[in-house]
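Enquirer: File follows, coords_11.cif with mmCIF, C-alpha atoms and all ligand atoms:
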data_work
#
loop_
_atom_site.label_atom_id
_atom_site.label_comp_id
_atom_site.auth_asym_id
_atom_site.auth_seq_id
_atom_site.Cartn_x
_atom_site.Cartn_y
_atom_site.Cartn_z
CA MET A 1 23.78 5.07 31.16
CA LYS A 2 25.11 5.45 34.69
CA THR A 3 21.76 4.48 36.18
CA SER A 4 21.39 1.40 34.04
CA TRP A 5 24.93 0.36 34.80
CA ALA A 6 24.13 0.60 38.52
CA ARG A 7 20.90 -1.31 38.03
CA GLY A 8 22.84 -3.97 36.20
CA LEU A 9 25.22 -4.30 39.09
CA ARG A 10 22.35 -4.65 41.50
CA ALA A 11 20.81 -7.34 39.36
CA GLY A 12 24.01 -9.29 39.68
CA PHE A 13 25.03 -8.78 36.08
CA ALA A 14 28.47 -7.34 36.81
CA ALA A 15 30.31 -10.42 35.66
CA GLY A 16 28.30 -10.90 32.51
CA VAL A 17 28.48 -7.29 31.42
CA ALA A 18 32.19 -7.11 32.19
CA ALA A 19 32.75 -10.25 30.14
CA LEU A 20 30.96 -8.65 27.22
CA GLY A 21 33.24 -5.65 27.63
CA VAL A 22 30.45 -3.25 26.73
CA LEU A 23 27.85 -1.23 28.47
CA VAL A 24 24.42 -2.67 27.93
CA ALA A 25 21.59 -0.20 27.52
CA GLY A 26 19.40 -0.02 30.59
CA GLN A 27 16.10 -1.14 29.12
CA GLY A 28 15.75 -4.88 29.28
CA LEU A 29 18.64 -5.42 31.64
CA THR A 30 16.62 -7.79 33.74
CA ALA A 31 17.20 -11.07 35.46
CA LYS A 32 16.70 -12.91 32.16
CA ALA A 33 19.05 -11.40 29.61
CA ALA A 34 17.78 -13.78 26.91
CA ALA A 35 14.30 -12.22 27.13
CA ALA A 36 15.53 -8.66 26.61
CA PRO A 37 12.99 -6.92 24.40
CA ARG A 38 14.13 -6.35 20.84
CA VAL A 39 13.59 -3.58 18.38
CA TRP A 40 12.54 -4.56 14.86
CA TYR A 41 12.61 -2.42 11.73
CA VAL A 42 10.03 -2.05 8.96
CA SER A 43 10.19 0.28 5.93
CA VAL A 44 7.27 2.46 4.98
CA GLY A 45 6.88 2.83 1.20
CA ALA A 46 9.60 2.58 -1.43
CA GLU A 47 10.16 4.34 -4.71
CA SER A 48 11.97 4.16 -8.03
CA ALA A 49 14.38 6.86 -9.24
CA HIS A 50 12.89 10.37 -9.21
CA SER A 51 9.77 9.03 -7.48
CA ALA A 52 8.30 7.90 -10.80
CA ILE A 53 6.85 4.77 -9.18
CA GLU A 54 5.71 4.70 -5.56
CA ALA A 55 5.37 1.31 -3.86
CA MET A 56 2.31 1.17 -1.63
CA GLY A 57 3.26 -1.14 1.17
CA PHE A 58 5.14 -1.81 4.38
CA TYR A 59 8.28 -3.92 4.00
CA PRO A 60 8.29 -6.60 5.24
CA GLY A 61 4.50 -6.68 5.10
CA VAL A 62 4.26 -9.13 7.99
CA ILE A 63 6.64 -9.23 10.95
CA THR A 64 6.50 -11.65 13.89
CA ILE A 65 7.87 -10.46 17.21
CA ASP A 66 7.61 -11.32 20.90
CA ALA A 67 5.61 -9.52 23.56
CA GLY A 68 7.60 -6.59 24.91
CA ASP A 69 9.39 -5.97 21.62
CA SER A 70 9.10 -2.73 19.65
CA VAL A 71 8.80 -1.98 15.96
CA VAL A 72 10.31 1.12 14.37
CA TRP A 73 8.86 2.16 11.01
CA THR A 74 10.97 4.36 8.75
CA LEU A 75 9.68 6.28 5.75
CA HIS A 76 11.53 5.48 2.52
CA SER A 77 9.77 7.62 -0.04
CA MET A 78 8.99 11.18 -1.10
CA GLU A 79 5.37 10.12 -0.91
CA PRO A 80 4.03 10.62 2.61
CA HIS A 81 2.29 7.79 4.48
CA THR A 82 0.89 6.97 7.90
CA VAL A 83 1.32 3.89 10.12
CA THR A 84 -2.08 3.43 11.73
CA PHE A 85 -3.51 0.78 14.06
CA LEU A 86 -7.27 1.14 14.34
CA GLY A 87 -7.52 -0.58 17.74
CA GLY A 88 -11.22 -1.29 17.35
CA VAL A 89 -12.04 2.15 15.99
CA ARG A 90 -14.26 1.79 12.94
CA LEU A 91 -12.57 2.73 9.69
CA THR A 92 -14.66 5.39 7.98
CA PRO A 93 -14.00 7.51 4.89
CA LYS A 94 -13.64 10.46 7.28
CA LEU A 95 -10.90 8.72 9.27
CA LEU A 96 -9.06 8.10 6.00
CA SER A 97 -8.46 11.84 5.78
CA ASP A 98 -7.31 12.30 9.38
CA PHE A 99 -3.53 12.49 9.36
CA ALA A 100 -3.00 13.64 12.96
CA PRO A 101 -0.87 11.55 15.33
CA ALA A 102 -2.88 9.53 17.88
CA GLY A 103 -2.25 7.18 20.81
CA GLY A 104 0.84 6.63 22.91
CA GLY A 105 3.95 4.55 22.31
CA THR A 106 2.44 1.26 23.51
CA TYR A 107 -0.22 -0.74 21.68
CA THR A 108 -2.29 -3.58 23.11
CA GLY A 109 -4.92 -3.73 20.39
CA THR A 110 -7.30 -1.06 21.63
CA GLY A 111 -7.58 2.60 20.74
CA LEU A 112 -6.45 4.40 17.62
CA HIS A 113 -2.66 4.55 17.39
CA SER A 114 -1.30 6.50 14.45
CA SER A 115 2.00 8.00 13.43
CA GLY A 116 0.17 10.84 11.76
CA MET A 117 1.53 11.92 8.40
CA LEU A 118 5.12 10.79 7.96
CA ALA A 119 6.66 13.17 5.44
CA GLY A 120 10.33 13.93 4.91
CA PRO A 121 13.47 11.83 4.77
CA HIS A 122 13.57 8.88 7.15
CA ARG A 123 10.82 10.00 9.48
CA THR A 124 10.15 7.27 12.02
CA TYR A 125 7.38 5.92 14.25
CA ARG A 126 7.86 3.52 17.14
CA LEU A 127 5.43 1.30 19.00
CA THR A 128 5.95 -1.28 21.75
CA PHE A 129 3.74 -4.39 21.83
CA PRO A 130 3.40 -5.84 25.35
CA LYS A 131 0.52 -8.21 24.54
CA PRO A 132 0.40 -11.24 22.19
CA GLY A 133 -2.01 -10.90 19.29
CA PHE A 134 -2.54 -10.15 15.62
CA TYR A 135 -2.28 -6.47 14.88
CA PRO A 136 -3.11 -5.36 11.34
CA TYR A 137 -2.37 -1.78 10.36
CA LEU A 138 -2.77 0.48 7.36
CA CYS A 139 -1.84 3.79 5.83
CA LEU A 140 -4.71 6.26 6.16
CA MET A 141 -3.48 8.21 3.14
CA HIS A 142 -3.67 5.23 0.79
CA GLY A 143 -6.35 3.08 2.37
CA THR A 144 -6.61 -0.60 3.11
CA ALA A 145 -4.64 -1.47 -0.04
CA MET A 146 -1.56 -0.33 1.90
CA SER A 147 -1.62 -2.70 4.84
CA GLY A 148 0.77 -4.49 7.15
CA LEU A 149 0.60 -6.93 10.04
CA VAL A 150 2.47 -7.31 13.31
CA ILE A 151 2.14 -10.75 14.92
CA VAL A 152 3.08 -10.73 18.58
CA ASN A 153 3.90 -14.06 20.25
CA PRO A 154 4.30 -14.56 24.02
CA ALA A 155 7.67 -13.40 25.37
CA GLY A 156 10.37 -16.00 24.90
CA THR A 157 8.84 -17.58 21.76
CA PRO A 158 11.58 -18.35 19.24
CA TYR A 159 11.52 -15.86 16.36
CA PRO A 160 10.68 -17.29 12.92
CA MET A 161 13.09 -14.91 11.17
CA THR A 162 16.05 -12.68 11.95
CA GLN A 163 16.13 -8.99 11.15
CA ALA A 164 18.62 -9.74 8.35
CA GLN A 165 16.13 -12.19 6.83
CA TYR A 166 13.37 -9.60 7.14
CA HIS A 167 15.60 -7.07 5.33
CA ARG A 168 16.06 -9.50 2.45
CA LEU A 169 12.35 -10.27 2.35
CA ALA A 170 11.59 -6.54 2.44
CA SER A 171 13.87 -5.92 -0.55
CA GLN A 172 12.15 -8.67 -2.53
CA GLU A 173 8.70 -7.29 -1.70
CA GLU A 174 9.77 -3.75 -2.62
CA GLU A 175 11.23 -4.90 -5.93
CA ALA A 176 8.08 -6.85 -6.76
CA ALA A 177 5.91 -3.81 -6.03
CA LEU A 178 8.07 -1.40 -8.05
CA ALA A 179 8.21 -3.89 -10.94
CA ALA A 180 4.41 -4.17 -10.92
CA GLY A 181 4.12 -0.37 -11.04
CA GLN A 182 6.70 -0.18 -13.82
CA ALA A 183 4.84 -2.81 -15.83
CA ALA A 184 1.63 -0.79 -15.57
CA ALA A 185 3.43 2.41 -16.61
CA SER A 186 5.14 0.72 -19.57
CA GLY A 187 1.85 -0.79 -20.67
CA ALA A 188 0.02 2.54 -20.77
CA VAL A 189 -0.59 3.48 -24.41
CA LEU A 190 -2.13 6.66 -25.72
CA SER A 191 -5.65 6.03 -26.91
CA THR A 192 -7.80 8.31 -29.03
CA SER A 193 -11.45 8.55 -29.88
CA PRO A 194 -13.39 10.67 -32.38
CA GLY A 195 -14.36 14.14 -31.13
CA PRO A 196 -16.84 16.71 -32.43
CA ASN A 197 -16.51 18.12 -36.01
CA GLY A 198 -13.87 15.65 -37.12
CA SER A 199 -11.56 16.42 -34.20
CA THR A 200 -9.78 13.84 -32.07
CA ILE A 201 -9.92 13.27 -28.32
CA TYR A 202 -6.59 12.17 -26.81
CA HIS A 203 -6.86 10.19 -23.58
CA VAL A 204 -4.09 10.81 -21.07
CA LEU A 205 -3.87 9.00 -17.73
CA ALA A 206 -3.14 10.96 -14.58
CA GLY A 207 -1.32 8.36 -12.51
CA ILE A 208 -1.61 4.61 -12.94
CA ASP A 209 -1.92 1.62 -10.62
CA SER A 210 -0.26 -1.78 -10.64
CA GLY A 211 -2.54 -4.52 -11.97
CA PRO A 212 -5.69 -5.44 -10.06
CA THR A 213 -4.90 -9.17 -9.86
CA VAL A 214 -2.84 -10.99 -7.24
CA MET A 215 -1.93 -14.66 -7.59
CA THR A 216 -1.18 -16.72 -4.51
CA ARG A 217 0.11 -20.28 -4.49
CA LEU A 218 -1.59 -22.59 -2.04
CA GLU A 219 0.78 -25.09 -0.46
CA PRO A 220 -0.08 -28.25 1.48
CA THR A 221 -0.04 -27.54 5.20
CA GLN A 222 -0.23 -31.06 6.59
CA VAL A 223 2.34 -33.81 6.43
CA GLY A 224 1.32 -36.28 3.76
CA SER A 225 -1.18 -33.88 2.22
CA THR A 226 -1.14 -33.72 -1.55
CA ALA A 227 -3.43 -30.71 -1.81
CA GLY A 228 -2.06 -27.67 -3.57
CA GLY A 229 -3.52 -24.96 -5.67
CA GLN A 230 -3.85 -21.34 -6.44
CA ALA A 231 -5.92 -18.37 -5.32
CA THR A 232 -6.50 -15.42 -7.62
CA LEU A 233 -7.70 -12.21 -6.05
CA THR A 234 -8.90 -9.46 -8.38
CA GLN A 235 -10.01 -5.98 -7.44
CA GLU A 236 -13.02 -5.87 -9.77
CA GLY A 237 -13.81 -2.29 -8.87
CA PRO A 238 -14.17 -0.08 -5.80
CA GLY A 239 -15.31 -2.27 -2.91
CA VAL A 240 -15.49 -5.51 -4.94
CA ILE A 241 -12.93 -8.30 -4.77
CA ALA A 242 -13.31 -11.56 -6.69
CA VAL A 243 -11.53 -14.55 -5.16
CA THR A 244 -11.11 -17.70 -7.23
CA VAL A 245 -9.68 -20.69 -5.38
CA THR A 246 -8.54 -23.75 -7.30
CA VAL A 247 -7.26 -26.80 -5.42
CA TRP A 248 -6.02 -30.12 -6.75
CA GLY A 249 -4.89 -33.35 -5.10
CA LEU A 250 -8.16 -33.73 -3.17
CA LYS A 251 -10.18 -36.87 -2.48
CA PRO A 252 -12.73 -37.11 -5.32
CA GLY A 253 -16.16 -35.98 -4.17
CA SER A 254 -14.90 -34.40 -0.95
CA VAL A 255 -16.19 -31.00 0.10
CA LEU A 256 -13.88 -28.42 1.64
CA SER A 257 -14.35 -25.04 3.21
CA ASP A 258 -12.15 -22.09 2.44
CA GLY A 259 -11.78 -18.61 3.72
CA ILE A 260 -9.63 -15.56 4.11
CA GLY A 261 -7.86 -15.05 7.39
CA ILE A 262 -5.41 -12.66 8.97
CA GLY A 263 -1.93 -13.96 9.68
CA THR A 264 0.49 -16.29 7.95
CA CYS A 265 0.13 -19.95 7.06
CA SER A 266 2.31 -20.99 10.00
CA GLU A 267 0.70 -18.43 12.31
CA PRO A 268 -3.01 -18.29 11.47
CA GLY A 269 -5.07 -15.55 13.06
CA PRO A 270 -8.71 -14.46 13.02
CA GLY A 271 -10.94 -15.12 10.00
CA VAL A 272 -11.95 -12.26 7.71
CA ASP A 273 -14.37 -13.79 5.22
CA ARG A 274 -15.75 -17.17 4.26
CA LEU A 275 -15.44 -18.24 0.66
CA ASN A 276 -17.76 -20.49 -1.33
CA PRO A 277 -17.14 -24.19 -0.55
CA LEU A 278 -15.04 -26.37 -2.81
CA LYS A 279 -16.32 -29.69 -4.14
CA ALA A 280 -13.72 -32.01 -5.62
CA ASP A 281 -14.58 -33.61 -8.96
CA ALA A 282 -13.63 -37.13 -10.06
CA ARG A 283 -10.05 -35.97 -10.67
CA GLY A 284 -9.78 -34.42 -7.20
CA LEU A 285 -9.93 -30.90 -8.58
CA ALA A 286 -12.14 -28.18 -7.12
CA THR A 287 -12.66 -24.56 -7.97
CA ALA A 288 -14.98 -21.82 -6.70
CA THR A 289 -15.26 -18.07 -7.08
CA THR A 290 -16.53 -15.74 -4.38
CA LEU A 291 -17.31 -12.04 -4.66
CA ILE A 292 -16.46 -10.08 -1.53
CA THR A 293 -18.17 -6.71 -1.41
CA GLY A 294 -17.80 -3.80 0.96
CA ASN A 295 -17.58 -0.05 1.23
CA PRO A 296 -16.06 1.24 -2.03
CA GLN A 297 -13.70 3.49 -0.10
CA LEU A 298 -12.67 0.92 2.46
CA LEU A 299 -12.41 -2.54 0.87
CA ALA A 300 -9.28 -3.31 -1.14
CA ILE A 301 -6.90 -6.24 -1.45
CA PRO A 302 -4.35 -5.51 1.29
CA SER A 303 -0.69 -5.45 0.29
CA ALA A 304 0.01 -7.89 3.15
CA GLY A 305 -1.58 -9.70 6.07
CA TRP A 306 -4.19 -11.98 4.46
CA THR A 307 -4.07 -15.73 3.96
CA VAL A 308 -6.30 -17.98 1.87
CA ASP A 309 -6.97 -21.17 3.81
CA VAL A 310 -8.56 -24.39 2.60
CA GLY A 311 -9.67 -26.86 5.25
CA PRO A 312 -12.19 -29.59 6.07
CA SER A 313 -15.82 -28.60 5.72
CA GLY A 314 -16.81 -26.04 8.33
CA SER A 315 -13.29 -25.17 9.38
CA ALA A 316 -12.19 -22.40 7.07
CA GLY A 317 -11.25 -18.85 7.68
CA ASN A 318 -9.07 -19.30 10.72
CA GLY A 319 -6.51 -21.63 9.19
CA THR A 320 -6.18 -23.84 12.23
CA ALA A 321 -7.17 -27.00 10.37
CA ALA A 322 -5.96 -25.96 6.95
CA VAL A 323 -5.29 -28.50 4.22
CA ALA A 324 -3.68 -25.92 1.95
CA CYS A 325 -2.79 -22.32 2.55
CA GLY A 326 -1.21 -19.31 0.87
CA ALA A 327 -0.18 -15.90 2.16
CA VAL A 328 -1.46 -13.06 0.01
CA SER A 329 1.30 -10.62 -0.84
CA ALA A 330 0.04 -7.97 -3.24
CA PRO A 331 2.78 -6.03 -5.01
CA ALA A 332 0.98 -2.67 -5.00
CA ALA A 333 2.40 0.46 -6.59
CA THR A 334 1.26 3.61 -8.29
CA GLY A 335 2.83 5.63 -11.11
CA MET A 336 3.37 9.32 -10.35
CA ARG A 337 3.37 10.60 -13.92
CA PHE A 338 1.07 11.50 -16.77
CA TYR A 339 0.87 8.67 -19.33
CA PRO A 340 2.05 9.64 -21.86
CA TRP A 341 3.83 12.65 -20.42
CA THR A 342 3.78 14.45 -23.76
CA VAL A 343 0.97 14.39 -26.32
CA THR A 344 0.96 15.95 -29.80
CA ILE A 345 -2.38 17.14 -31.19
CA HIS A 346 -3.83 19.58 -33.74
CA VAL A 347 -5.75 22.80 -33.21
CA GLY A 348 -9.35 21.92 -32.41
CA ASP A 349 -8.51 18.58 -30.76
CA GLN A 350 -9.26 17.73 -27.16
CA VAL A 351 -7.22 16.18 -24.40
CA GLN A 352 -9.10 14.24 -21.76
CA TRP A 353 -7.26 13.35 -18.56
CA LEU A 354 -8.49 10.43 -16.49
CA GLU A 355 -7.54 10.05 -12.84
CA ALA A 356 -6.42 6.43 -13.17
CA SER A 357 -5.00 5.73 -9.72
CA SER A 358 -7.31 4.43 -7.03
CA MET A 359 -4.93 5.53 -4.29
CA GLU A 360 -3.97 9.06 -5.30
CA ILE A 361 -5.43 12.43 -6.09
CA HIS A 362 -3.94 14.58 -8.85
CA THR A 363 -4.54 17.86 -10.63
CA VAL A 364 -4.03 18.98 -14.23
CA THR A 365 -2.92 22.59 -14.01
CA PHE A 366 -1.76 25.07 -16.67
CA LEU A 367 -0.19 28.17 -15.14
CA ALA A 368 -0.61 31.69 -16.53
CA LYS A 369 2.53 33.33 -17.90
CA GLY A 370 4.88 34.17 -15.01
CA GLN A 371 2.51 32.64 -12.43
CA LYS A 372 3.98 30.72 -9.54
CA ALA A 373 2.36 27.34 -8.96
CA PRO A 374 -0.12 27.68 -6.10
CA GLN A 375 0.70 25.64 -3.02
CA PHE A 376 -1.41 22.47 -2.98
CA GLY A 377 -4.23 22.88 -0.51
CA SER A 378 -4.72 26.59 -1.20
CA PRO A 379 -8.14 27.59 -2.62
CA ALA A 380 -6.62 28.33 -6.04
CA SER A 381 -5.06 24.87 -6.18
CA VAL A 382 -8.16 22.82 -5.41
CA ARG A 383 -10.82 24.80 -7.32
CA PRO A 384 -11.50 24.20 -11.00
CA ALA A 385 -10.55 27.24 -13.09
CA GLY A 386 -10.39 28.39 -16.70
CA GLY A 387 -13.29 26.64 -18.42
CA PRO A 388 -13.22 24.02 -21.20
CA VAL A 389 -11.30 25.87 -23.95
CA TYR A 390 -7.59 26.60 -23.69
CA ASN A 391 -6.26 29.30 -26.02
CA GLY A 392 -2.69 29.27 -24.75
CA SER A 393 -2.86 31.70 -21.85
CA GLY A 394 -4.37 32.04 -18.41
CA TYR A 395 -4.74 29.77 -15.39
CA PHE A 396 -6.51 26.46 -16.07
CA ASN A 397 -7.03 23.93 -13.32
CA SER A 398 -8.92 20.65 -13.10
CA GLY A 399 -9.24 21.00 -9.35
CA VAL A 400 -8.67 17.87 -7.25
CA MET A 401 -9.28 14.80 -9.39
CA THR A 402 -10.45 11.74 -7.51
CA PRO A 403 -10.29 8.18 -8.89
CA GLY A 404 -12.26 7.81 -12.10
CA GLN A 405 -12.76 11.55 -12.63
CA THR A 406 -11.97 13.22 -15.97
CA TYR A 407 -10.97 16.70 -17.10
CA THR A 408 -11.24 17.79 -20.72
CA LEU A 409 -9.76 20.77 -22.56
CA THR A 410 -10.10 21.82 -26.19
CA PHE A 411 -6.93 23.44 -27.59
CA THR A 412 -7.40 26.31 -30.03
CA LYS A 413 -3.93 27.80 -30.44
CA PRO A 414 -0.70 26.20 -31.70
CA GLY A 415 2.09 26.02 -29.13
CA VAL A 416 3.91 23.93 -26.54
CA TYR A 417 2.14 23.94 -23.19
CA ALA A 418 3.51 22.51 -19.97
CA TYR A 419 1.22 21.49 -17.15
CA HIS A 420 1.63 20.28 -13.59
CA CYS A 421 0.05 18.09 -10.99
CA LEU A 422 0.03 20.55 -8.09
CA VAL A 423 0.09 17.67 -5.61
CA HIS A 424 3.10 15.88 -7.09
CA ASP A 425 5.05 18.30 -9.32
CA ASP A 426 7.90 18.20 -6.79
CA MET A 427 8.14 14.50 -7.62
CA GLY A 428 8.34 15.24 -11.33
CA MET A 429 4.69 14.90 -12.25
CA ILE A 430 4.58 17.32 -15.14
CA GLY A 431 3.23 16.93 -18.65
CA ARG A 432 3.21 18.66 -22.01
CA VAL A 433 0.72 19.25 -24.78
CA ILE A 434 2.12 20.13 -28.21
CA VAL A 435 -0.55 21.75 -30.39
CA LEU A 436 0.18 21.78 -34.12
CA PRO A 437 -1.61 24.12 -36.57
CU CU B 1 0.41 5.49 2.19
#
Reformat the file's structure so that it appears as structure tokens.
Ligand SMILES: [Cu+2]
Expert:
Amino acid sequence: MKTSWARGLRAGFAAGVAALGVLVAGQGLTAKAAAAPRVWYVSVGAESAHSAIEAMGFYPGVITIDAGDSVVWTLHSMEPHTVTFLGGVRLTPKLLSDFAPAGGGTYTGTGLHSSGMLAGPHRTYRLTFPKPGFYPYLCLMHGTAMSGLVIVNPAGTPYPMTQAQYHRLASQEEEAALAAGQAAASGAVLSTSPGPNGSTIYHVLAGIDSGPTVMTRLEPTQVGSTAGGQATLTQEGPGVIAVTVTVWGLKPGSVLSDGIGIGTCSEPGPGVDRLNPLKADARGLATATTLITGNPQLLAIPSAGWTVDVGPSGSAGNGTAAVACGAVSAPAATGMRFYPWTVTIHVGDQVQWLEASSMEIHTVTFLAKGQKAPQFGSPASVRPAGGPVYNGSGYFNSGVMTPGQTYTLTFTKPGVYAYHCLVHDDMGMIGRVIVLP
């Protein structure tokens, strides 16, 4: 503090600082006090009580700062995440399992910069952005579905929002995500199907995701424009997104281009994908659906950072000449429970668990009497064990279940049997099978 104070004096700031009556931190105490770099705050993840629902996003999802400013990300969940800027490094399935920190504390858009795995209360990651640009980022643990965007304007550009406004926006985005996860969890009903020899198969979900569809309103972007509409983005399956754009208020017969871009409607950035053109009918209404396909492990609707832009023919994707535009904000969340958490069956019936979250791995694990749960990651935790028939004792493990995978057990002995997800039992992911005679 002494050094900065002296530097301040040298810079001729004695009067100003004295008038403020406080010591000003050294960094940014330059000839132009108004341009002092700022620090902005973004939350990583969010969760409901007892970690039952985990929100998969950064809040706010998009933040606009000035060159020289820094962003501090703070973890707000039991679930670990990363903050990762690819910096031109190709995203591969292998990189999605690399949770080591990378890069320095300054990011100019090149080179992998990653927090590494943030785990534990209020862990933070800080980056400074000296260069204007659009900087998307993601969580390597949860893939492109968990995305954010930092927009950096030249130094001195007026900020579109204050930190207090970003906090309010962040709360709204978190609530929307948790509500979407809660809706999915509440909607999960136990289904059954006929099994062999008159038995019944009970279908239990390991984890659950918020719905696959995101609706985005398209608002007119030009003065006097009457165009408005709606974009519906649906994750049809791994690596497939369907985008349906409907616009009204157009000149009958006119043809418009549309596309997906990075940025916001007021700050459009680079284009991501072109969408099928829109042709207005006699009522001035146009609609078109486009399937976007990509690597099943890499392409997902991002929780933030995309816009859908509609513009004159040939213009779409970068938003600069947009007629209508909407920012895609996907309220993504995942349920960290078994659905239902308890299931009552009869001797001879089967329970089939389905890994129903696209963003998580889980296990279904029955411990032997007196056995301590193996630490997740140990050989015993990740390897399947026990076979297909459970008679009430011994160690039974599904091994690591990846999205879409199932695990089936036939129960032959009456009793009450508790089981765990070895990855998430500390978050309360435990279940129970009651077997009646
Ligand atoms: Cu994550």
Enquirer: Which is closer to Val310 of chain A than all the others in A:Ala145, A:Val382, A:Val189, A:Ala231, using all atoms listed in the file?
Expert: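 Nearest to Val310 of chain A: A:Ala231.
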Enquirer: Pick out the residues no farther than 10 Å from ligand CU 1 (chain B), counting all atoms listed in the file, and list them as a ChimeraX atom specification.
Expert: /A:44-45,54-58,75,77,79-83,117-118,138-147,359-360
Enquirer: Residues within 7 Å of (-7.7, -19.9, 1.8), file coordinates, counting all atoms listed in the file: what are they? Give the list as a list in words.
Expert: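 These residues have at least one counted atom within 7 Å: Asp258, Gly259, Ile260, Thr307, Val308, Asp309, Val310, Gly317, Cys325 and Gly326 of chain A.
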Enquirer: Rounded to one decimal, what separation in Å do you get between atom CA of Pro270 of chain A and atom CA of Ala242 of chain A?
Expert: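 That distance, rounded to one decimal, is 20.4 Å.
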Enquirer: Show me, as a PyMOL selection string, the residues that have an atom within 9 Å of Arg123 of chain A when counting only C-alpha atoms, minus same-chain residues fewer than 2 positions from it.
Expert: chain A and resi 73-76+118-121+125
Enquirer: May I have the residues from that selection written out with C-alpha atoms, as a PDB file, in the coordinates of the input?
Expert:
ATOM      1  CA  TRP A  73       8.860   2.160  11.010  1.00  0.00           C
ATOM      2  CA  THR A  74      10.970   4.360   8.750  1.00  0.00           C
ATOM      3  CA  LEU A  75       9.680   6.280   5.750  1.00  0.00           C
ATOM      4  CA  HIS A  76      11.530   5.480   2.520  1.00  0.00           C
ATOM      5  CA  LEU A 118       5.120  10.790   7.960  1.00  0.00           C
ATOM      6  CA  ALA A 119       6.660  13.170   5.440  1.00  0.00           C
ATOM      7  CA  GLY A 120      10.330  13.930   4.910  1.00  0.00           C
ATOM      8  CA  PRO A 121      13.470  11.830   4.770  1.00  0.00           C
ATOM      9  CA  TYR A 125       7.380   5.920  14.250  1.00  0.00           C
TER      10      TYR A 125
END
Enquirer: Between A:Ala280, A:Ala385, A:Ala179, A:Ala52, which residue has the minimum interatomic distance to Met427 of chain A, considering only C-alpha atoms?
Expert: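 Going through A:Ala280, A:Ala385, A:Ala179, A:Ala52 one by one, the smallest distance to Met427 of chain A is for A:Ala52.
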Enquirer: Could you pull the residues within 7 Å of Val255 of chain A, counting all atoms listed in the file, minus those fewer than 2 positions along the same chain, as a ChimeraX atom specification?
Expert: /A:253,257,277-280,313
Enquirer: Would you compute the distance between atom CA of Tyr59 of chain A and atom CA of Gln222 of chain A? Give it in Å to one decimal.
Expert: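 Computed distance, atom CA of Tyr59 of chain A to atom CA of Gln222 of chain A, equals 28.6 Å.
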Enquirer: Distance atom CA of Gly87 of chain A-atom CA of Ser114 of chain A, one decimal place?
Expert: 10.0 Å
Enquirer: Taking (-7.5, -8.9, -0.7) in the file's own coordinates, collect the residues within 12 Å, counting all atoms listed in the file, and hand them back as an MDAnalysis selection string.
Expert: chainID A and resid 144:147 212:216 231:236 239:244 259:262 272:273 290:294 298:308 327:332
Enquirer: Can I get the selection written as a CSV table (one decimal), keeping the file's coordinate frame, with C-alpha atoms?
Expert:
chain,number,residue,atom,x,y,z
A,144,THR,CA,-6.6,-0.6,3.1
A,145,ALA,CA,-4.6,-1.5,0.0
A,146,MET,CA,-1.6,-0.3,1.9
A,147,SER,CA,-1.6,-2.7,4.8
A,212,PRO,CA,-5.7,-5.4,-10.1
A,213,THR,CA,-4.9,-9.2,-9.9
A,214,VAL,CA,-2.8,-11.0,-7.2
A,215,MET,CA,-1.9,-14.7,-7.6
A,216,THR,CA,-1.2,-16.7,-4.5
A,231,ALA,CA,-5.9,-18.4,-5.3
A,232,THR,CA,-6.5,-15.4,-7.6
A,233,LEU,CA,-7.7,-12.2,-6.0
A,234,THR,CA,-8.9,-9.5,-8.4
A,235,GLN,CA,-10.0,-6.0,-7.4
A,236,GLU,CA,-13.0,-5.9,-9.8
A,239,GLY,CA,-15.3,-2.3,-2.9
A,240,VAL,CA,-15.5,-5.5,-4.9
A,241,ILE,CA,-12.9,-8.3,-4.8
A,242,ALA,CA,-13.3,-11.6,-6.7
A,243,VAL,CA,-11.5,-14.6,-5.2
A,244,THR,CA,-11.1,-17.7,-7.2
A,259,GLY,CA,-11.8,-18.6,3.7
A,260,ILE,CA,-9.6,-15.6,4.1
A,261,GLY,CA,-7.9,-15.0,7.4
A,262,ILE,CA,-5.4,-12.7,9.0
A,272,VAL,CA,-12.0,-12.3,7.7
A,273,ASP,CA,-14.4,-13.8,5.2
A,290,THR,CA,-16.5,-15.7,-4.4
A,291,LEU,CA,-17.3,-12.0,-4.7
A,292,ILE,CA,-16.5,-10.1,-1.5
A,293,THR,CA,-18.2,-6.7,-1.4
A,294,GLY,CA,-17.8,-3.8,1.0
A,298,LEU,CA,-12.7,0.9,2.5
A,299,LEU,CA,-12.4,-2.5,0.9
A,300,ALA,CA,-9.3,-3.3,-1.1
A,301,ILE,CA,-6.9,-6.2,-1.4
A,302,PRO,CA,-4.4,-5.5,1.3
A,303,SER,CA,-0.7,-5.4,0.3
A,304,ALA,CA,0.0,-7.9,3.2
A,305,GLY,CA,-1.6,-9.7,6.1
A,306,TRP,CA,-4.2,-12.0,4.5
A,307,THR,CA,-4.1,-15.7,4.0
A,308,VAL,CA,-6.3,-18.0,1.9
A,327,ALA,CA,-0.2,-15.9,2.2
A,328,VAL,CA,-1.5,-13.1,0.0
A,329,SER,CA,1.3,-10.6,-0.8
A,330,ALA,CA,0.0,-8.0,-3.2
A,331,PRO,CA,2.8,-6.0,-5.0
A,332,ALA,CA,1.0,-2.7,-5.0
Enquirer: Using all atoms listed in the file, tabulate the residues of segment 38-116 of chain A lying at most 9 Å from any atom of segment 160-164 of chain A, each with its closest atom pair and that distance in Å to one decimal, by chain and increasing residue number, as JSON lines.
Expert:
{"residue": "A:Trp40", "atom": "CA", "partner": "A:Gln163", "partner_atom": "CA", "distance": 6.8}
{"residue": "A:Tyr41", "atom": "CA", "partner": "A:Gln163", "partner_atom": "CA", "distance": 7.5}
{"residue": "A:Ile63", "atom": "CA", "partner": "A:Met161", "partner_atom": "CA", "distance": 8.6}
{"residue": "A:Thr64", "atom": "CA", "partner": "A:Pro160", "partner_atom": "CA", "distance": 7.1}
{"residue": "A:Ile65", "atom": "CA", "partner": "A:Pro160", "partner_atom": "CA", "distance": 8.5}
